[in-house]
file entry.cif (mmCIF, C-alpha atoms (C1' of nucleotides))
data_coords
loop_
_atom_site.label_atom_id
_atom_site.label_comp_id
_atom_site.auth_asym_id
_atom_site.auth_seq_id
_atom_site.Cartn_x
_atom_site.Cartn_y
_atom_site.Cartn_z
CA MET I 1 24.84 -11.42 -4.28
CA ASP I 2 28.05 -9.55 -3.61
CA LYS I 3 28.86 -7.87 -0.36
CA LEU I 4 29.22 -4.43 -1.91
CA PHE I 5 25.61 -4.50 -2.99
CA GLN I 6 24.51 -5.71 0.42
CA ASP I 7 26.31 -2.76 1.94
CA ARG I 8 24.62 -0.26 -0.36
CA MET I 9 21.26 -1.71 0.55
CA GLU I 10 22.14 -1.54 4.21
CA THR I 11 22.98 2.13 3.81
CA LEU I 12 19.82 2.82 1.88
CA LEU I 13 17.34 0.83 3.90
CA GLY I 14 18.93 0.53 7.32
CA ALA I 15 17.64 -3.03 7.52
CA ARG I 16 15.57 -5.37 5.43
CA ASP I 17 13.21 -7.01 7.86
CA ILE I 18 9.91 -5.26 8.14
CA GLU I 19 10.25 -4.45 11.82
CA SER I 20 13.41 -2.43 11.65
CA CYS I 21 13.49 -1.13 8.11
CA PRO I 22 12.76 2.61 8.25
CA VAL I 23 11.60 2.77 4.69
CA ARG I 24 9.05 0.03 4.94
CA ASP I 25 8.02 1.27 8.36
CA VAL I 26 7.32 4.79 7.15
CA LEU I 27 5.84 3.83 3.81
CA SER I 28 3.42 1.32 5.28
CA ARG I 29 1.50 4.23 6.71
CA VAL I 30 1.03 6.16 3.52
CA SER I 31 0.18 3.19 1.38
CA GLY I 32 -3.46 3.31 2.39
CA LYS I 33 -6.11 3.69 -0.24
CA TRP I 34 -6.73 7.38 0.51
CA SER I 35 -3.59 8.79 2.13
CA THR I 36 -1.99 10.24 -0.98
CA LEU I 37 -5.22 11.73 -2.20
CA LEU I 38 -5.88 13.45 1.13
CA LEU I 39 -2.36 14.81 1.41
CA LEU I 40 -2.70 16.23 -2.10
CA ALA I 41 -6.04 17.75 -1.19
CA LEU I 42 -4.32 19.63 1.64
CA SER I 43 -1.35 20.72 -0.44
CA ASP I 44 -3.05 23.97 -1.31
CA GLY I 45 -3.92 25.00 2.22
CA PRO I 46 -6.10 23.96 5.18
CA ARG I 47 -9.38 22.20 4.46
CA ARG I 48 -12.43 21.41 6.52
CA PHE I 49 -13.69 17.90 7.07
CA SER I 50 -16.62 18.38 4.74
CA GLU I 51 -14.43 19.88 2.02
CA LEU I 52 -12.24 16.79 2.08
CA LYS I 53 -15.28 14.59 1.88
CA ARG I 54 -16.43 16.40 -1.22
CA PHE I 55 -12.95 16.23 -2.70
CA ALA I 56 -12.70 12.46 -2.36
CA PRO I 57 -15.70 11.33 -4.34
CA ASP I 58 -16.20 7.86 -2.93
CA ILE I 59 -14.61 7.72 0.48
CA SER I 60 -16.75 6.55 3.36
CA GLN I 61 -17.03 8.77 6.40
CA ARG I 62 -15.44 6.10 8.51
CA MET I 63 -12.37 5.87 6.31
CA LEU I 64 -12.04 9.62 6.01
CA THR I 65 -11.88 9.94 9.78
CA LYS I 66 -9.54 7.00 10.12
CA SER I 67 -7.17 8.10 7.37
CA LEU I 68 -6.97 11.59 8.81
CA THR I 69 -6.26 10.19 12.25
CA ASP I 70 -3.48 7.99 10.89
CA LEU I 71 -1.89 10.86 9.00
CA ARG I 72 -2.12 13.00 12.10
CA ARG I 73 -0.55 10.31 14.24
CA ASP I 74 2.49 10.15 11.98
CA GLY I 75 2.81 13.92 11.98
CA TYR I 76 1.85 14.69 8.40
CA ILE I 77 -1.14 16.86 9.23
CA THR I 78 -2.64 18.83 12.11
CA ARG I 79 -6.22 19.09 13.31
CA THR I 80 -7.72 22.30 14.68
CA VAL I 81 -11.15 22.52 16.26
CA TYR I 82 -13.02 25.81 16.26
CA PRO I 83 -15.63 25.80 19.03
CA THR I 84 -18.39 27.27 16.92
CA GLN I 85 -21.93 26.08 16.49
CA PRO I 86 -22.04 23.88 14.52
CA PRO I 87 -18.46 22.71 15.14
CA GLN I 88 -15.80 23.35 12.57
CA VAL I 89 -12.63 21.31 12.15
CA GLU I 90 -9.72 22.19 9.97
CA TYR I 91 -6.92 19.96 8.73
CA ALA I 92 -3.60 21.27 7.47
CA LEU I 93 -0.26 19.91 6.30
CA THR I 94 2.68 20.14 8.68
CA GLU I 95 6.24 20.83 7.62
CA ALA I 96 6.84 17.10 7.47
CA GLY I 97 3.72 16.71 5.36
CA HIS I 98 4.90 19.27 2.86
CA SER I 99 8.36 17.81 2.66
CA PHE I 100 6.97 14.33 2.20
CA LEU I 101 4.68 15.45 -0.59
CA GLU I 102 7.63 17.01 -2.32
CA ALA I 103 9.46 13.67 -2.36
CA TRP I 104 6.26 11.88 -3.31
CA HIS I 105 5.59 14.20 -6.21
CA GLY I 106 8.11 12.45 -8.43
CA VAL I 107 6.27 9.17 -8.05
CA VAL I 108 2.90 10.76 -8.74
CA VAL I 109 4.16 12.32 -11.94
CA TRP I 110 5.82 9.08 -13.01
CA ALA I 111 2.60 7.16 -12.47
CA ARG I 112 0.62 9.68 -14.49
CA ASP I 113 3.10 9.74 -17.36
CA ASN I 114 3.64 6.00 -17.57
CA ARG I 115 0.15 4.76 -17.06
CA HIS I 116 -0.23 3.58 -20.63
CA LEU I 117 3.04 1.66 -20.39
CA VAL I 118 1.76 -0.27 -17.41
CA HIS I 119 -1.59 -0.88 -19.10
CA GLU I 120 0.04 -2.20 -22.24
CA ALA I 121 2.24 -4.50 -20.19
CA ARG I 122 -0.80 -5.85 -18.38
CA GLN I 123 -2.70 -6.55 -21.58
CA ARG I 124 0.30 -8.22 -23.17
CA PHE I 125 0.79 -10.39 -20.11
CA ASP I 126 -2.85 -11.35 -19.85
CA SER I 127 -3.14 -12.29 -23.51
CA GLU I 128 -0.03 -14.48 -23.39
CA GLU I 129 -1.28 -16.14 -20.26
CA GLY I 130 -0.20 -19.76 -19.96
CA GLN I 131 1.56 -20.22 -23.27
CA ASP I 132 5.13 -19.36 -22.27
CA ARG I 133 5.42 -21.05 -18.94
CA MET K 1 -12.29 24.60 -2.72
CA ASP K 2 -11.60 26.90 -5.62
CA LYS K 3 -11.80 25.85 -9.22
CA LEU K 4 -8.17 26.63 -9.95
CA PHE K 5 -7.07 24.04 -7.44
CA GLN K 6 -9.50 21.51 -8.83
CA ASP K 7 -7.98 22.07 -12.24
CA ARG K 8 -4.46 21.53 -10.99
CA MET K 9 -5.54 18.29 -9.38
CA GLU K 10 -7.23 17.21 -12.55
CA THR K 11 -4.03 17.82 -14.46
CA LEU K 12 -1.96 15.99 -11.89
CA LEU K 13 -4.18 13.00 -11.25
CA GLY K 14 -6.32 12.72 -14.35
CA ALA K 15 -9.26 11.79 -12.17
CA ARG K 16 -9.94 11.25 -8.51
CA ASP K 17 -12.08 8.16 -8.37
CA ILE K 18 -10.13 4.97 -7.88
CA GLU K 19 -11.21 3.39 -11.14
CA SER K 20 -9.97 6.01 -13.53
CA CYS K 21 -7.19 7.74 -11.61
CA PRO K 22 -3.91 6.72 -13.25
CA VAL K 23 -1.88 7.46 -10.18
CA ARG K 24 -3.90 5.34 -7.83
CA ASP K 25 -4.19 2.68 -10.47
CA VAL K 26 -0.47 2.37 -10.98
CA LEU K 27 0.51 2.81 -7.36
CA SER K 28 -1.91 0.22 -6.07
CA ARG K 29 0.25 -2.42 -7.69
CA VAL K 30 3.52 -1.43 -6.11
CA SER K 31 2.14 -0.81 -2.65
CA GLY K 32 2.43 -4.46 -1.73
CA LYS K 33 4.46 -5.48 1.26
CA TRP K 34 7.42 -6.68 -0.80
CA SER K 35 7.33 -4.89 -4.17
CA THR K 36 9.71 -2.07 -3.33
CA LEU K 37 12.17 -4.39 -1.65
CA LEU K 38 12.27 -6.73 -4.63
CA LEU K 39 12.69 -3.95 -7.15
CA LEU K 40 15.57 -2.61 -5.11
CA ALA K 41 17.11 -6.07 -4.96
CA LEU K 42 17.11 -6.14 -8.74
CA SER K 43 18.49 -2.63 -9.15
CA ASP K 44 22.03 -3.95 -9.30
CA GLY K 45 21.42 -6.55 -12.00
CA PRO K 46 19.56 -9.81 -12.62
CA ARG K 47 18.95 -12.14 -9.71
CA ARG K 48 17.88 -15.73 -9.40
CA PHE K 49 14.80 -16.79 -7.51
CA SER K 50 16.81 -18.26 -4.66
CA GLU K 51 18.96 -15.14 -4.39
CA LEU K 52 15.88 -13.00 -3.97
CA LYS K 53 14.59 -15.37 -1.34
CA ARG K 54 17.80 -15.00 0.62
CA PHE K 55 17.71 -11.24 0.16
CA ALA K 56 14.24 -10.87 1.64
CA PRO K 57 14.71 -12.41 5.03
CA ASP K 58 11.14 -13.23 5.93
CA ILE K 59 9.14 -13.51 2.73
CA SER K 60 7.17 -16.67 2.16
CA GLN K 61 7.76 -18.58 -1.03
CA ARG K 62 4.17 -18.04 -2.02
CA MET K 63 4.44 -14.27 -1.74
CA LEU K 64 7.79 -14.16 -3.48
CA THR K 65 6.31 -15.94 -6.49
CA LYS K 66 3.18 -13.83 -6.40
CA SER K 67 4.96 -10.51 -6.02
CA LEU K 68 7.31 -11.33 -8.88
CA THR K 69 4.38 -12.31 -11.07
CA ASP K 70 2.58 -9.06 -10.28
CA LEU K 71 5.66 -6.98 -11.04
CA ARG K 72 6.13 -8.89 -14.26
CA ARG K 73 2.53 -8.38 -15.25
CA ASP K 74 2.88 -4.62 -14.92
CA GLY K 75 6.09 -4.65 -16.92
CA TYR K 76 8.60 -3.76 -14.21
CA ILE K 77 10.62 -6.95 -14.49
CA THR K 78 11.29 -9.83 -16.87
CA ARG K 79 11.61 -13.54 -16.19
CA THR K 80 14.03 -15.79 -18.04
CA VAL K 81 14.11 -19.55 -17.68
CA TYR K 82 17.29 -21.47 -18.39
CA PRO K 83 16.46 -25.10 -19.21
CA THR K 84 19.16 -26.59 -17.03
CA GLN K 85 18.90 -29.34 -14.49
CA PRO K 86 17.88 -28.26 -11.93
CA PRO K 87 16.02 -25.35 -13.54
CA GLN K 88 17.30 -21.83 -13.17
CA VAL K 89 15.19 -18.71 -13.37
CA GLU K 90 16.45 -15.18 -13.57
CA TYR K 91 14.59 -11.95 -12.92
CA ALA K 92 15.72 -8.55 -14.18
CA LEU K 93 14.47 -4.97 -14.22
CA THR K 94 13.03 -3.64 -17.45
CA GLU K 95 13.47 -0.09 -18.68
CA ALA K 96 10.19 0.80 -17.00
CA GLY K 97 11.40 -0.81 -13.80
CA HIS K 98 14.55 1.25 -13.78
CA SER K 99 12.75 4.45 -14.53
CA PHE K 100 10.19 3.75 -11.84
CA LEU K 101 12.89 3.07 -9.26
CA GLU K 102 14.47 6.36 -10.14
CA ALA K 103 11.28 8.22 -9.32
CA TRP K 104 10.79 6.09 -6.24
CA HIS K 105 14.28 6.79 -4.96
CA GLY K 106 13.35 10.21 -3.61
CA VAL K 107 10.69 8.68 -1.40
CA VAL K 108 13.02 5.97 -0.15
CA VAL K 109 15.60 8.54 0.86
CA TRP K 110 12.97 10.73 2.48
CA ALA K 111 11.67 7.82 4.51
CA ARG K 112 15.14 6.91 5.69
CA ASP K 113 16.06 10.46 6.64
CA ASN K 114 12.80 11.31 8.37
CA ARG K 115 12.14 8.11 10.19
CA HIS K 116 12.85 9.63 13.60
CA LEU K 117 10.45 12.49 12.87
CA VAL K 118 7.64 10.07 12.21
CA HIS K 119 8.50 8.03 15.27
CA GLU K 120 8.51 11.08 17.50
CA ALA K 121 5.18 12.17 16.11
CA ARG K 122 3.71 8.75 16.84
CA GLN K 123 4.94 8.71 20.41
CA ARG K 124 3.69 12.23 21.05
CA PHE K 125 0.31 11.33 19.63
CA ASP K 126 0.02 8.10 21.59
CA SER K 127 0.94 9.73 24.89
CA GLU K 128 -1.60 12.52 24.43
CA GLU K 129 -4.24 10.02 23.50
CA GLY K 130 -7.71 10.99 24.60
CA GLN K 131 -6.95 14.21 26.42
CA ASP K 132 -7.36 16.68 23.59
CA ARG K 133 -10.40 15.31 21.85
"C1'" DC T 1 15.39 -25.25 -7.84
"C1'" DC T 2 11.21 -23.10 -8.80
"C1'" DG T 3 6.54 -22.85 -8.41
"C1'" DA T 4 1.29 -24.23 -7.97
"C1'" DA T 5 -2.44 -25.50 -4.83
"C1'" DT T 6 -4.82 -25.47 -0.64
"C1'" DC T 7 -6.18 -23.80 3.81
"C1'" DC T 8 -6.74 -20.21 6.97
"C1'" DC T 9 -6.17 -15.89 9.61
"C1'" DC T 10 -6.56 -11.03 10.01
"C1'" DG T 11 -7.01 -6.26 9.00
"C1'" DC T 12 -8.56 -2.85 5.47
"C1'" DG T 13 -12.30 -0.72 4.14
"C1'" DG T 14 -17.52 -0.27 2.99
"C1'" DA T 15 -22.58 0.41 4.80
"C1'" DT T 16 -25.42 1.87 8.07
"C1'" DA T 17 -27.10 3.90 12.25
"C1'" DC T 18 -26.40 6.82 16.32
"C1'" DT T 19 -24.39 11.24 19.10
"C1'" DG T 20 -22.97 16.30 20.61
"C1'" DC Y 1 -21.03 19.47 10.98
"C1'" DA Y 2 -17.92 16.11 12.49
"C1'" DG Y 3 -17.47 12.44 14.16
"C1'" DT Y 4 -18.29 7.10 16.88
"C1'" DA Y 5 -19.98 2.41 17.00
"C1'" DT Y 6 -21.15 -1.92 14.99
"C1'" DC Y 7 -21.43 -5.38 11.65
"C1'" DC Y 8 -19.45 -7.71 7.76
"C1'" DG Y 9 -17.21 -9.05 3.23
"C1'" DC Y 10 -13.09 -9.33 0.66
"C1'" DG Y 11 -8.44 -9.89 -0.36
"C1'" DG Y 12 -3.46 -9.76 1.21
"C1'" DG Y 13 -0.42 -12.65 2.97
"C1'" DG Y 14 1.51 -16.73 5.98
"C1'" DA Y 15 2.18 -22.08 6.53
"C1'" DT Y 16 2.25 -26.15 4.48
"C1'" DT Y 17 2.08 -29.59 0.99
"C1'" DC Y 18 2.65 -31.39 -3.62
"C1'" DG Y 19 4.73 -31.41 -8.59
"C1'" DG Y 20 8.17 -30.99 -12.63
#
call {"tool": "encode", "arguments": {"input": "entry.cif", "output": "structure tokens"}}
result
Amino acid sequence: MDKLFQDRMETLLGARDIESCPVRDVLSRVSGKWSTLLLLALSDGPRRFSELKRFAPDISQRMLTKSLTDLRRDGYITRTVYPTQPPQVEYALTEAGHSFLEAWHGVVVWARDNRHLVHEARQRFDSEEGQDR
Amino acid sequence: MDKLFQDRMETLLGARDIESCPVRDVLSRVSGKWSTLLLLALSDGPRRFSELKRFAPDISQRMLTKSLTDLRRDGYITRTVYPTQPPQVEYALTEAGHSFLEAWHGVVVWARDNRHLVHEARQRFDSEEGQDR
DNA sequence: CCGAATCCCCGCGGATACTG
DNA sequence: CAGTATCCGCGGGGATTCGG
């Protein structure tokens, strides 16, 4: 492992241990089961709590609340309460949220376009299981 | 939630439930704690098992083996055994692995460049804790 | 050197019931 | 409507030991 490569990695990642690596630090928060889906749901404009619940077909109320809180904590979305009766709460992407989604978009598209590739690889691997090692 | 938006989402994601959504399906496999780091380690060329272990400072042997197996199963990397004494095993990116890393690169750069933003947001949130809800 | 097997901890995430 | 609280199972992931 040559030093030049190590340097490039250092420049790209900042560090490699989980505590101090910015990339792993930031990404660990959006790797939840619902984060991407919720950010995408907000990409078109603000949504109410109940709208998001309808959008994510099988999320539990607990996880919806928790995911939204996490995203809010990291500054990807905002939360606005309208003191009506009954209460009304609106979530919206921040600047950071939009900019993150833009970067993320490439990965989303890749995943959609290469799904079959991954599936084929899995089947091939599973059928060869145990006879090459 | 207007129908036009729903349609765009359908086009982008294929589906929204976890079972049939290609994006979530594919991404769930690379969201592991070490996957990204290992793929990046291989981006420069093939590496031996022990090299990867040295590269990832705090991975356990168990998780190194497991992560590599998972990545291999999904077709991101290959594994070549040289029947020497002692044995020697080399891992390398496939075409799919390279192409995936390319898409992923945008996110890595975003995370590095916006780390401080996320950190500030977290601190702000934590210090306001409980007084706005 | 590379990996399989075993044991165990912990946090994500689901189900359900209760509040303002 | 928009949460909170509680209980609980499952699987990711670490430590350690054994094998080829």
call {"tool": "resolve_selection", "arguments": {"input": "entry.cif", "expression": "the PyMOL selection byres ((chain T) within 10 of (chain K))", "output": "list in words"}}
result
DC1, DC2, DG3 and DA4 of chain T
call {"tool": "interface_residues", "arguments": {"input": "entry.cif", "of": "chain Y", "to": "chain K", "cutoff": "10 Å", "atoms": "all atoms listed in the file", "output": "list in words"}}
result
DG12, DG13, DG14, DA15 and DG20 of chain Y
call {"tool": "closest_atom_pairs", "arguments": {"input": "entry.cif", "of": "chain K", "to": "chain I", "cutoff": "8 Å", "atoms": "only C-alpha atoms", "output": "JSON lines"}}
result
{"residue": "K:Met1", "atom": "CA", "partner": "I:Glu51", "partner_atom": "CA", "distance": 7.0}
{"residue": "K:Phe5", "atom": "CA", "partner": "I:Asp44", "partner_atom": "CA", "distance": 7.3}
{"residue": "K:Leu12", "atom": "CA", "partner": "I:Val109", "partner_atom": "CA", "distance": 7.1}
{"residue": "K:Leu13", "atom": "CA", "partner": "I:Arg112", "partner_atom": "CA", "distance": 6.7}
{"residue": "K:Gly14", "atom": "CA", "partner": "I:Arg112", "partner_atom": "CA", "distance": 7.6}
{"residue": "K:Arg16", "atom": "CA", "partner": "I:Ala56", "partner_atom": "CA", "distance": 6.8}
{"residue": "K:Asp17", "atom": "CA", "partner": "I:Pro57", "partner_atom": "CA", "distance": 6.3}
{"residue": "K:Pro22", "atom": "CA", "partner": "I:Arg112", "partner_atom": "CA", "distance": 5.6}
{"residue": "K:Val23", "atom": "CA", "partner": "I:Ala111", "partner_atom": "CA", "distance": 5.0}
{"residue": "K:Val26", "atom": "CA", "partner": "I:Ala111", "partner_atom": "CA", "distance": 5.9}
{"residue": "K:Leu27", "atom": "CA", "partner": "I:Ala111", "partner_atom": "CA", "distance": 7.0}
{"residue": "K:Ser28", "atom": "CA", "partner": "I:Lys33", "partner_atom": "CA", "distance": 8.0}
{"residue": "K:Ser31", "atom": "CA", "partner": "I:Ser31", "partner_atom": "CA", "distance": 6.0}
{"residue": "K:Lys33", "atom": "CA", "partner": "I:Ser28", "partner_atom": "CA", "distance": 8.0}
{"residue": "K:Leu37", "atom": "CA", "partner": "I:Arg16", "partner_atom": "CA", "distance": 7.9}
{"residue": "K:Asp44", "atom": "CA", "partner": "I:Phe5", "partner_atom": "CA", "distance": 7.3}
{"residue": "K:Glu51", "atom": "CA", "partner": "I:Met1", "partner_atom": "CA", "distance": 7.0}
{"residue": "K:Ala56", "atom": "CA", "partner": "I:Arg16", "partner_atom": "CA", "distance": 6.8}
{"residue": "K:Pro57", "atom": "CA", "partner": "I:Asp17", "partner_atom": "CA", "distance": 6.3}
{"residue": "K:Asp58", "atom": "CA", "partner": "I:Asp17", "partner_atom": "CA", "distance": 6.8}
{"residue": "K:Arg73", "atom": "CA", "partner": "I:Arg122", "partner_atom": "CA", "distance": 5.2}
{"residue": "K:Asp74", "atom": "CA", "partner": "I:Val118", "partner_atom": "CA", "distance": 5.1}
{"residue": "K:Gly75", "atom": "CA", "partner": "I:Ala121", "partner_atom": "CA", "distance": 5.1}
{"residue": "K:Ala96", "atom": "CA", "partner": "I:Leu117", "partner_atom": "CA", "distance": 8.0}
{"residue": "K:Phe100", "atom": "CA", "partner": "I:Trp110", "partner_atom": "CA", "distance": 7.0}
{"residue": "K:Ala103", "atom": "CA", "partner": "I:Val107", "partner_atom": "CA", "distance": 5.3}
{"residue": "K:Trp104", "atom": "CA", "partner": "I:Val107", "partner_atom": "CA", "distance": 5.8}
{"residue": "K:Gly106", "atom": "CA", "partner": "I:Ala103", "partner_atom": "CA", "distance": 5.4}
{"residue": "K:Val107", "atom": "CA", "partner": "I:Ala103", "partner_atom": "CA", "distance": 5.2}
{"residue": "K:Val108", "atom": "CA", "partner": "I:Val23", "partner_atom": "CA", "distance": 6.0}
{"residue": "K:Val109", "atom": "CA", "partner": "I:Leu12", "partner_atom": "CA", "distance": 7.2}
{"residue": "K:Trp110", "atom": "CA", "partner": "I:Ala103", "partner_atom": "CA", "distance": 6.7}
{"residue": "K:Ala111", "atom": "CA", "partner": "I:Val23", "partner_atom": "CA", "distance": 5.1}
{"residue": "K:Arg112", "atom": "CA", "partner": "I:Val23", "partner_atom": "CA", "distance": 5.5}
{"residue": "K:Arg115", "atom": "CA", "partner": "I:Pro22", "partner_atom": "CA", "distance": 5.9}
{"residue": "K:Leu117", "atom": "CA", "partner": "I:Gly75", "partner_atom": "CA", "distance": 7.8}
{"residue": "K:Val118", "atom": "CA", "partner": "I:Asp74", "partner_atom": "CA", "distance": 5.2}
{"residue": "K:His119", "atom": "CA", "partner": "I:Asp74", "partner_atom": "CA", "distance": 7.2}
{"residue": "K:Ala121", "atom": "CA", "partner": "I:Gly75", "partner_atom": "CA", "distance": 5.1}
{"residue": "K:Arg122", "atom": "CA", "partner": "I:Asp74", "partner_atom": "CA", "distance": 5.2}
{"residue": "K:Phe125", "atom": "CA", "partner": "I:Arg73", "partner_atom": "CA", "distance": 5.6}
{"residue": "K:Asp126", "atom": "CA", "partner": "I:Arg73", "partner_atom": "CA", "distance": 7.7}
call {"tool": "write_last_selection", "arguments": {"input": "entry.cif", "atoms": "C-alpha atoms", "output": "PDB file, in the coordinates of the input"}}
result
ATOM      1  CA  MET K   1     -12.290  24.600  -2.720  1.00  0.00           C
ATOM      2  CA  PHE K   5      -7.070  24.040  -7.440  1.00  0.00           C
ATOM      3  CA  LEU K  12      -1.960  15.990 -11.890  1.00  0.00           C
ATOM      4  CA  LEU K  13      -4.180  13.000 -11.250  1.00  0.00           C
ATOM      5  CA  GLY K  14      -6.320  12.720 -14.350  1.00  0.00           C
ATOM      6  CA  ARG K  16      -9.940  11.250  -8.510  1.00  0.00           C
ATOM      7  CA  ASP K  17     -12.080   8.160  -8.370  1.00  0.00           C
ATOM      8  CA  PRO K  22      -3.910   6.720 -13.250  1.00  0.00           C
ATOM      9  CA  VAL K  23      -1.880   7.460 -10.180  1.00  0.00           C
ATOM     10  CA  VAL K  26      -0.470   2.370 -10.980  1.00  0.00           C
ATOM     11  CA  LEU K  27       0.510   2.810  -7.360  1.00  0.00           C
ATOM     12  CA  SER K  28      -1.910   0.220  -6.070  1.00  0.00           C
ATOM     13  CA  SER K  31       2.140  -0.810  -2.650  1.00  0.00           C
ATOM     14  CA  LYS K  33       4.460  -5.480   1.260  1.00  0.00           C
ATOM     15  CA  LEU K  37      12.170  -4.390  -1.650  1.00  0.00           C
ATOM     16  CA  ASP K  44      22.030  -3.950  -9.300  1.00  0.00           C
ATOM     17  CA  GLU K  51      18.960 -15.140  -4.390  1.00  0.00           C
ATOM     18  CA  ALA K  56      14.240 -10.870   1.640  1.00  0.00           C
ATOM     19  CA  PRO K  57      14.710 -12.410   5.030  1.00  0.00           C
ATOM     20  CA  ASP K  58      11.140 -13.230   5.930  1.00  0.00           C
ATOM     21  CA  ARG K  73       2.530  -8.380 -15.250  1.00  0.00           C
ATOM     22  CA  ASP K  74       2.880  -4.620 -14.920  1.00  0.00           C
ATOM     23  CA  GLY K  75       6.090  -4.650 -16.920  1.00  0.00           C
ATOM     24  CA  ALA K  96      10.190   0.800 -17.000  1.00  0.00           C
ATOM     25  CA  PHE K 100      10.190   3.750 -11.840  1.00  0.00           C
ATOM     26  CA  ALA K 103      11.280   8.220  -9.320  1.00  0.00           C
ATOM     27  CA  TRP K 104      10.790   6.090  -6.240  1.00  0.00           C
ATOM     28  CA  GLY K 106      13.350  10.210  -3.610  1.00  0.00           C
ATOM     29  CA  VAL K 107      10.690   8.680  -1.400  1.00  0.00           C
ATOM     30  CA  VAL K 108      13.020   5.970  -0.150  1.00  0.00           C
ATOM     31  CA  VAL K 109      15.600   8.540   0.860  1.00  0.00           C
ATOM     32  CA  TRP K 110      12.970  10.730   2.480  1.00  0.00           C
ATOM     33  CA  ALA K 111      11.670   7.820   4.510  1.00  0.00           C
ATOM     34  CA  ARG K 112      15.140   6.910   5.690  1.00  0.00           C
ATOM     35  CA  ARG K 115      12.140   8.110  10.190  1.00  0.00           C
ATOM     36  CA  LEU K 117      10.450  12.490  12.870  1.00  0.00           C
ATOM     37  CA  VAL K 118       7.640  10.070  12.210  1.00  0.00           C
ATOM     38  CA  HIS K 119       8.500   8.030  15.270  1.00  0.00           C
ATOM     39  CA  ALA K 121       5.180  12.170  16.110  1.00  0.00           C
ATOM     40  CA  ARG K 122       3.710   8.750  16.840  1.00  0.00           C
ATOM     41  CA  PHE K 125       0.310  11.330  19.630  1.00  0.00           C
ATOM     42  CA  ASP K 126       0.020   8.100  21.590  1.00  0.00           C
TER      43      ASP K 126
END
call {"tool": "residues_near_point", "arguments": {"input": "entry.cif", "point": "(3.6, -33.3, -0.6)", "cutoff": "12 Å", "atoms": "only C-alpha atoms (C1' of nucleotides)", "output": "number ranges by chain"}}
result
T: 4-6; Y: 16-19
call {"tool": "atom_distance", "arguments": {"input": "entry.cif", "atom1": "C1' of DC10 (chain Y)", "atom2": "CA of Leu38 (chain I)"}}
result
23.9 Å
call {"tool": "atom_distance", "arguments": {"input": "entry.cif", "atom1": "CA of Gly97 (chain K)", "atom2": "CA of Arg79 (chain K)"}}
result
13.0 Å
call {"tool": "axis_aligned_box", "arguments": {"input": "entry.cif", "around": "region 6-20 of chain Y", "padding_each_side": "4 Å", "output": "lines of an AutoDock Vina configuration file"}}
result
center_x = -6.6
center_y = -16.7
center_z = 1.2
size_x = 37.6
size_y = 37.5
size_z = 35.6
call {"tool": "atom_distance", "arguments": {"input": "entry.cif", "atom1": "CA of His98 (chain K)", "atom2": "CA of Arg29 (chain K)"}}
result
16.0 Å
call {"tool": "resolve_selection", "arguments": {"input": "entry.cif", "expression": "the PyMOL selection byres ((chain Y and resi 7) around 10)", "output": "list in words"}}
result
DA15 and DT16 of chain T; DA5, DT6 and DC8 of chain Y
